[in-house]
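protein-v7.pdb follows (PDB, N, CA and C atoms, pLDDT in the B column):
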ATOM      1  N   MET A  23      -1.048  18.896 -24.628  1.00 93.00           N
ATOM      2  CA  MET A  23       0.010  17.939 -24.838  1.00 93.00           C
ATOM      3  C   MET A  23      -0.628  16.678 -25.413  1.00 93.00           C
ATOM      4  N   LEU A  24      -0.133  16.214 -26.524  1.00 94.00           N
ATOM      5  CA  LEU A  24      -0.652  15.027 -27.199  1.00 94.00           C
ATOM      6  C   LEU A  24       0.152  13.806 -26.762  1.00 94.00           C
ATOM      7  N   LEU A  25      -0.558  12.819 -26.217  1.00 92.00           N
ATOM      8  CA  LEU A  25       0.081  11.611 -25.691  1.00 92.00           C
ATOM      9  C   LEU A  25      -0.421  10.399 -26.460  1.00 92.00           C
ATOM     10  N   ASP A  26       0.495   9.675 -27.074  1.00 93.00           N
ATOM     11  CA  ASP A  26       0.170   8.512 -27.902  1.00 93.00           C
ATOM     12  C   ASP A  26       0.402   7.252 -27.071  1.00 93.00           C
ATOM     13  N   THR A  27      -0.666   6.488 -26.818  1.00 89.00           N
ATOM     14  CA  THR A  27      -0.563   5.308 -25.949  1.00 89.00           C
ATOM     15  C   THR A  27      -0.421   3.996 -26.717  1.00 89.00           C
ATOM     16  N   ARG A  28      -0.241   4.072 -28.020  1.00 91.00           N
ATOM     17  CA  ARG A  28      -0.074   2.846 -28.801  1.00 91.00           C
ATOM     18  C   ARG A  28       1.254   2.175 -28.455  1.00 91.00           C
ATOM     19  N   ASP A  29       1.387   0.892 -28.847  1.00 90.00           N
ATOM     20  CA  ASP A  29       2.640   0.199 -28.571  1.00 90.00           C
ATOM     21  C   ASP A  29       3.782   0.835 -29.360  1.00 90.00           C
ATOM     22  N   ALA A  30       4.986   0.526 -28.953  1.00 91.00           N
ATOM     23  CA  ALA A  30       6.173   1.165 -29.536  1.00 91.00           C
ATOM     24  C   ALA A  30       6.265   0.941 -31.038  1.00 91.00           C
ATOM     25  N   ARG A  31       5.897  -0.238 -31.488  1.00 94.00           N
ATOM     26  CA  ARG A  31       5.987  -0.537 -32.926  1.00 94.00           C
ATOM     27  C   ARG A  31       5.045   0.362 -33.734  1.00 94.00           C
ATOM     28  N   ALA A  32       3.797   0.471 -33.275  1.00 93.00           N
ATOM     29  CA  ALA A  32       2.824   1.319 -33.979  1.00 93.00           C
ATOM     30  C   ALA A  32       3.260   2.776 -33.944  1.00 93.00           C
ATOM     31  N   TYR A  33       3.779   3.219 -32.814  1.00 94.00           N
ATOM     32  CA  TYR A  33       4.256   4.602 -32.686  1.00 94.00           C
ATOM     33  C   TYR A  33       5.396   4.866 -33.672  1.00 94.00           C
ATOM     34  N   CYS A  34       6.332   3.939 -33.763  1.00 94.00           N
ATOM     35  CA  CYS A  34       7.482   4.117 -34.662  1.00 94.00           C
ATOM     36  C   CYS A  34       7.072   4.073 -36.138  1.00 94.00           C
ATOM     37  N   GLN A  35       6.014   3.354 -36.457  1.00 95.00           N
ATOM     38  CA  GLN A  35       5.563   3.260 -37.845  1.00 95.00           C
ATOM     39  C   GLN A  35       4.921   4.558 -38.320  1.00 95.00           C
ATOM     40  N   GLY A  36       4.491   5.380 -37.386  1.00 95.00           N
ATOM     41  CA  GLY A  36       3.913   6.657 -37.768  1.00 95.00           C
ATOM     42  C   GLY A  36       3.128   7.269 -36.628  1.00 95.00           C
ATOM     43  N   HIS A  37       3.389   8.535 -36.378  1.00 94.00           N
ATOM     44  CA  HIS A  37       2.694   9.255 -35.314  1.00 94.00           C
ATOM     45  C   HIS A  37       2.733  10.750 -35.602  1.00 94.00           C
ATOM     46  N   ASP A  38       1.867  11.468 -34.933  1.00 93.00           N
ATOM     47  CA  ASP A  38       1.882  12.928 -35.028  1.00 93.00           C
ATOM     48  C   ASP A  38       3.229  13.407 -34.489  1.00 93.00           C
ATOM     49  N   PRO A  39       3.924  14.290 -35.181  1.00 95.00           N
ATOM     50  CA  PRO A  39       5.250  14.732 -34.722  1.00 95.00           C
ATOM     51  C   PRO A  39       5.207  15.454 -33.378  1.00 95.00           C
ATOM     52  N   ARG A  40       4.041  15.905 -32.958  1.00 95.00           N
ATOM     53  CA  ARG A  40       3.919  16.574 -31.653  1.00 95.00           C
ATOM     54  C   ARG A  40       3.638  15.593 -30.524  1.00 95.00           C
ATOM     55  N   ALA A  41       3.377  14.331 -30.862  1.00 95.00           N
ATOM     56  CA  ALA A  41       2.982  13.340 -29.863  1.00 95.00           C
ATOM     57  C   ALA A  41       4.167  12.813 -29.069  1.00 95.00           C
ATOM     58  N   ILE A  42       3.900  12.556 -27.810  1.00 93.00           N
ATOM     59  CA  ILE A  42       4.863  11.913 -26.921  1.00 93.00           C
ATOM     60  C   ILE A  42       4.402  10.476 -26.750  1.00 93.00           C
ATOM     61  N   HIS A  43       5.320   9.531 -26.930  1.00 93.00           N
ATOM     62  CA  HIS A  43       4.941   8.129 -26.733  1.00 93.00           C
ATOM     63  C   HIS A  43       4.789   7.875 -25.243  1.00 93.00           C
ATOM     64  N   LEU A  44       3.651   7.344 -24.873  1.00 87.00           N
ATOM     65  CA  LEU A  44       3.311   7.157 -23.466  1.00 87.00           C
ATOM     66  C   LEU A  44       3.033   5.694 -23.187  1.00 87.00           C
ATOM     67  N   ASN A  45       3.505   5.252 -22.016  1.00 80.00           N
ATOM     68  CA  ASN A  45       3.194   3.896 -21.562  1.00 80.00           C
ATOM     69  C   ASN A  45       3.017   3.936 -20.046  1.00 80.00           C
ATOM     70  N   ASP A  46       2.708   2.796 -19.463  1.00 75.00           N
ATOM     71  CA  ASP A  46       2.485   2.745 -18.016  1.00 75.00           C
ATOM     72  C   ASP A  46       3.705   3.201 -17.228  1.00 75.00           C
ATOM     73  N   LEU A  47       4.891   2.987 -17.761  1.00 83.00           N
ATOM     74  CA  LEU A  47       6.116   3.312 -17.038  1.00 83.00           C
ATOM     75  C   LEU A  47       6.403   4.808 -16.988  1.00 83.00           C
ATOM     76  N   ASN A  48       6.138   5.525 -18.075  1.00 87.00           N
ATOM     77  CA  ASN A  48       6.479   6.945 -18.075  1.00 87.00           C
ATOM     78  C   ASN A  48       5.308   7.862 -17.755  1.00 87.00           C
ATOM     79  N   LEU A  49       4.101   7.318 -17.609  1.00 82.00           N
ATOM     80  CA  LEU A  49       2.931   8.141 -17.296  1.00 82.00           C
ATOM     81  C   LEU A  49       3.099   8.861 -15.966  1.00 82.00           C
ATOM     82  N   ARG A  50       3.465   8.158 -14.939  1.00 84.00           N
ATOM     83  CA  ARG A  50       3.593   8.770 -13.605  1.00 84.00           C
ATOM     84  C   ARG A  50       4.651   9.872 -13.591  1.00 84.00           C
ATOM     85  N   THR A  51       5.772   9.629 -14.235  1.00 90.00           N
ATOM     86  CA  THR A  51       6.824  10.644 -14.301  1.00 90.00           C
ATOM     87  C   THR A  51       6.337  11.879 -15.049  1.00 90.00           C
ATOM     88  N   LEU A  52       5.686  11.664 -16.171  1.00 89.00           N
ATOM     89  CA  LEU A  52       5.167  12.778 -16.958  1.00 89.00           C
ATOM     90  C   LEU A  52       4.188  13.613 -16.134  1.00 89.00           C
ATOM     91  N   LEU A  53       3.318  12.949 -15.394  1.00 85.00           N
ATOM     92  CA  LEU A  53       2.333  13.672 -14.587  1.00 85.00           C
ATOM     93  C   LEU A  53       2.978  14.482 -13.467  1.00 85.00           C
ATOM     94  N   LYS A  54       4.079  13.994 -12.941  1.00 89.00           N
ATOM     95  CA  LYS A  54       4.778  14.716 -11.867  1.00 89.00           C
ATOM     96  C   LYS A  54       5.407  16.010 -12.369  1.00 89.00           C
ATOM     97  N   VAL A  55       5.892  16.007 -13.605  1.00 93.00           N
ATOM     98  CA  VAL A  55       6.631  17.167 -14.113  1.00 93.00           C
ATOM     99  C   VAL A  55       5.799  18.108 -14.977  1.00 93.00           C
ATOM    100  N   THR A  56       4.562  17.716 -15.289  1.00 91.00           N
ATOM    101  CA  THR A  56       3.696  18.538 -16.130  1.00 91.00           C
ATOM    102  C   THR A  56       2.780  19.388 -15.251  1.00 91.00           C
ATOM    103  N   PRO A  57       2.764  20.696 -15.454  1.00 93.00           N
ATOM    104  CA  PRO A  57       1.869  21.551 -14.659  1.00 93.00           C
ATOM    105  C   PRO A  57       0.402  21.129 -14.829  1.00 93.00           C
ATOM    106  N   LYS A  58      -0.366  21.251 -13.762  1.00 87.00           N
ATOM    107  CA  LYS A  58      -1.775  20.830 -13.763  1.00 87.00           C
ATOM    108  C   LYS A  58      -2.608  21.569 -14.805  1.00 87.00           C
ATOM    109  N   GLN A  59      -2.232  22.794 -15.160  1.00 93.00           N
ATOM    110  CA  GLN A  59      -3.026  23.570 -16.119  1.00 93.00           C
ATOM    111  C   GLN A  59      -2.808  23.142 -17.573  1.00 93.00           C
ATOM    112  N   VAL A  60      -1.868  22.255 -17.831  1.00 93.00           N
ATOM    113  CA  VAL A  60      -1.628  21.757 -19.189  1.00 93.00           C
ATOM    114  C   VAL A  60      -2.699  20.713 -19.521  1.00 93.00           C
ATOM    115  N   HIS A  61      -3.365  20.890 -20.635  1.00 91.00           N
ATOM    116  CA  HIS A  61      -4.392  19.948 -21.088  1.00 91.00           C
ATOM    117  C   HIS A  61      -3.718  18.746 -21.730  1.00 91.00           C
ATOM    118  N   LEU A  62      -4.177  17.559 -21.371  1.00 88.00           N
ATOM    119  CA  LEU A  62      -3.638  16.325 -21.915  1.00 88.00           C
ATOM    120  C   LEU A  62      -4.641  15.708 -22.874  1.00 88.00           C
ATOM    121  N   LEU A  63      -4.174  15.322 -24.047  1.00 88.00           N
ATOM    122  CA  LEU A  63      -4.999  14.661 -25.048  1.00 88.00           C
ATOM    123  C   LEU A  63      -4.375  13.297 -25.314  1.00 88.00           C
ATOM    124  N   PHE A  64      -5.130  12.247 -25.020  1.00 87.00           N
ATOM    125  CA  PHE A  64      -4.643  10.885 -25.187  1.00 87.00           C
ATOM    126  C   PHE A  64      -5.186  10.303 -26.488  1.00 87.00           C
ATOM    127  N   CYS A  65      -4.343   9.581 -27.210  1.00 86.00           N
ATOM    128  CA  CYS A  65      -4.819   8.864 -28.395  1.00 86.00           C
ATOM    129  C   CYS A  65      -4.271   7.443 -28.353  1.00 86.00           C
ATOM    130  N   CYS A  66      -5.060   6.525 -28.889  1.00 82.00           N
ATOM    131  CA  CYS A  66      -4.638   5.128 -28.953  1.00 82.00           C
ATOM    132  C   CYS A  66      -5.142   4.526 -30.257  1.00 82.00           C
ATOM    133  N   GLU A  67      -4.930   3.247 -30.428  1.00 81.00           N
ATOM    134  CA  GLU A  67      -5.264   2.600 -31.693  1.00 81.00           C
ATOM    135  C   GLU A  67      -6.753   2.316 -31.842  1.00 81.00           C
ATOM    136  N   ASP A  68      -7.390   1.854 -30.778  1.00 77.00           N
ATOM    137  CA  ASP A  68      -8.779   1.419 -30.920  1.00 77.00           C
ATOM    138  C   ASP A  68      -9.748   2.035 -29.906  1.00 77.00           C
ATOM    139  N   GLY A  69      -9.289   2.982 -29.128  1.00 72.00           N
ATOM    140  CA  GLY A  69     -10.181   3.661 -28.194  1.00 72.00           C
ATOM    141  C   GLY A  69     -10.324   3.010 -26.835  1.00 72.00           C
ATOM    142  N   THR A  70      -9.514   2.001 -26.536  1.00 71.00           N
ATOM    143  CA  THR A  70      -9.625   1.349 -25.231  1.00 71.00           C
ATOM    144  C   THR A  70      -8.539   1.767 -24.252  1.00 71.00           C
ATOM    145  N   THR A  71      -7.341   2.008 -24.728  1.00 72.00           N
ATOM    146  CA  THR A  71      -6.238   2.347 -23.843  1.00 72.00           C
ATOM    147  C   THR A  71      -6.276   3.804 -23.393  1.00 72.00           C
ATOM    148  N   SER A  72      -6.579   4.705 -24.293  1.00 69.00           N
ATOM    149  CA  SER A  72      -6.525   6.124 -23.943  1.00 69.00           C
ATOM    150  C   SER A  72      -7.493   6.502 -22.819  1.00 69.00           C
ATOM    151  N   PRO A  73      -8.718   5.977 -22.761  1.00 74.00           N
ATOM    152  CA  PRO A  73      -9.572   6.328 -21.614  1.00 74.00           C
ATOM    153  C   PRO A  73      -8.998   5.844 -20.282  1.00 74.00           C
ATOM    154  N   ASP A  74      -8.373   4.659 -20.294  1.00 72.00           N
ATOM    155  CA  ASP A  74      -7.754   4.154 -19.066  1.00 72.00           C
ATOM    156  C   ASP A  74      -6.628   5.061 -18.601  1.00 72.00           C
ATOM    157  N   MET A  75      -5.791   5.497 -19.540  1.00 72.00           N
ATOM    158  CA  MET A  75      -4.686   6.405 -19.202  1.00 72.00           C
ATOM    159  C   MET A  75      -5.223   7.747 -18.706  1.00 72.00           C
ATOM    160  N   ALA A  76      -6.274   8.233 -19.333  1.00 72.00           N
ATOM    161  CA  ALA A  76      -6.874   9.505 -18.917  1.00 72.00           C
ATOM    162  C   ALA A  76      -7.423   9.399 -17.499  1.00 72.00           C
ATOM    163  N   ARG A  77      -8.088   8.290 -17.181  1.00 72.00           N
ATOM    164  CA  ARG A  77      -8.600   8.090 -15.820  1.00 72.00           C
ATOM    165  C   ARG A  77      -7.456   8.038 -14.822  1.00 72.00           C
ATOM    166  N   CYS A  78      -6.397   7.359 -15.168  1.00 70.00           N
ATOM    167  CA  CYS A  78      -5.239   7.261 -14.287  1.00 70.00           C
ATOM    168  C   CYS A  78      -4.625   8.631 -14.046  1.00 70.00           C
ATOM    169  N   SER A  79      -4.540   9.446 -15.090  1.00 71.00           N
ATOM    170  CA  SER A  79      -3.947  10.774 -14.941  1.00 71.00           C
ATOM    171  C   SER A  79      -4.848  11.684 -14.117  1.00 71.00           C
ATOM    172  N   ALA A  80      -6.154  11.530 -14.208  1.00 70.00           N
ATOM    173  CA  ALA A  80      -7.083  12.347 -13.437  1.00 70.00           C
ATOM    174  C   ALA A  80      -7.010  12.029 -11.961  1.00 70.00           C
ATOM    175  N   ASN A  81      -6.638  10.808 -11.623  1.00 65.00           N
ATOM    176  CA  ASN A  81      -6.544  10.397 -10.226  1.00 65.00           C
ATOM    177  C   ASN A  81      -5.205  10.721  -9.605  1.00 65.00           C
ATOM    178  N   SER A  82      -4.274  11.221 -10.389  1.00 64.00           N
ATOM    179  CA  SER A  82      -2.933  11.539  -9.867  1.00 64.00           C
ATOM    180  C   SER A  82      -2.859  12.949  -9.334  1.00 64.00           C
TER     181      SER A  82
END

Is it possible to give me this structure as structure tokens?
Amino acid sequence: MLLDTRDARAYCQGHDPRAIHLNDLNLRTLLKVTPKQVHLLFCCEDGTTSPDMARCSANS
């Protein structure tokens, strides 16, 4: 599952059509409904946000 952590404006300007726009608000919900065996791939604009989101998802 491809998760795009960029801000809404950057996401709307262009993103992979398979990507889900992710933010702090919907991360927890997504993790609750996604089976543990699904691989998550995080992408962001400069490489700082996606590692934080990945760490948060690993701790859930």

(request) Extract, using only C-alpha atoms, all DNA, RNA and protein residues at most 7 Å from Leu63 of chain A, discarding same-chain residues fewer than 2 positions from it, and format them as a VMD selection string. (result) chain A and resid 23 to 25 61 65

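Candidate residues A:His37, A:Arg28, A:His43, A:Lys54 were compared for distance to Asp68 of chain A, and the nearest is A:Arg28, using all atoms listed in the file.
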
(request) Name all residues at most 12 Å from Asn48 of chain A (count only C-alpha atoms; drop same-chain ones fewer than 5 positions away) and give them as a count of residues only. (result) 10

(request) DSSP on the backbone, then: every residue of chain A marked helix (DSSP H, G or I), written as a VMD selection string. (result) chain A and resid 30 to 35 46 to 55 71 to 80

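Taking only chain A, the residues that DSSP calls strand (DSSP E) from the backbone come to Leu24, Leu25, Asp26, Ile42, His43, Leu63, Phe64 and Cys65 of chain A.
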
Hey, can I get the axis-aligned box for segment 71-79 of chain A? All listed atoms, 8 Å padding on each side, centre and edge lengths in Å to one decimal, as JSON.
{"center_x": -6.8, "center_y": 6.8, "center_z": -19.4, "size_x": 21.6, "size_y": 25.7, "size_z": 26.7}

(request) Quote the spacing between atom CA of Tyr33 of chain A and atom C of Arg77 of chain A in Å to one decimal place. (result) 21.6 Å

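Atom CA of Thr71 of chain A sits 10.7 Å away from atom CA of Leu44 of chain A.
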
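The space separating atom N of Cys66 of chain A from atom C of Ala41 of chain A comes to 11.2 Å.
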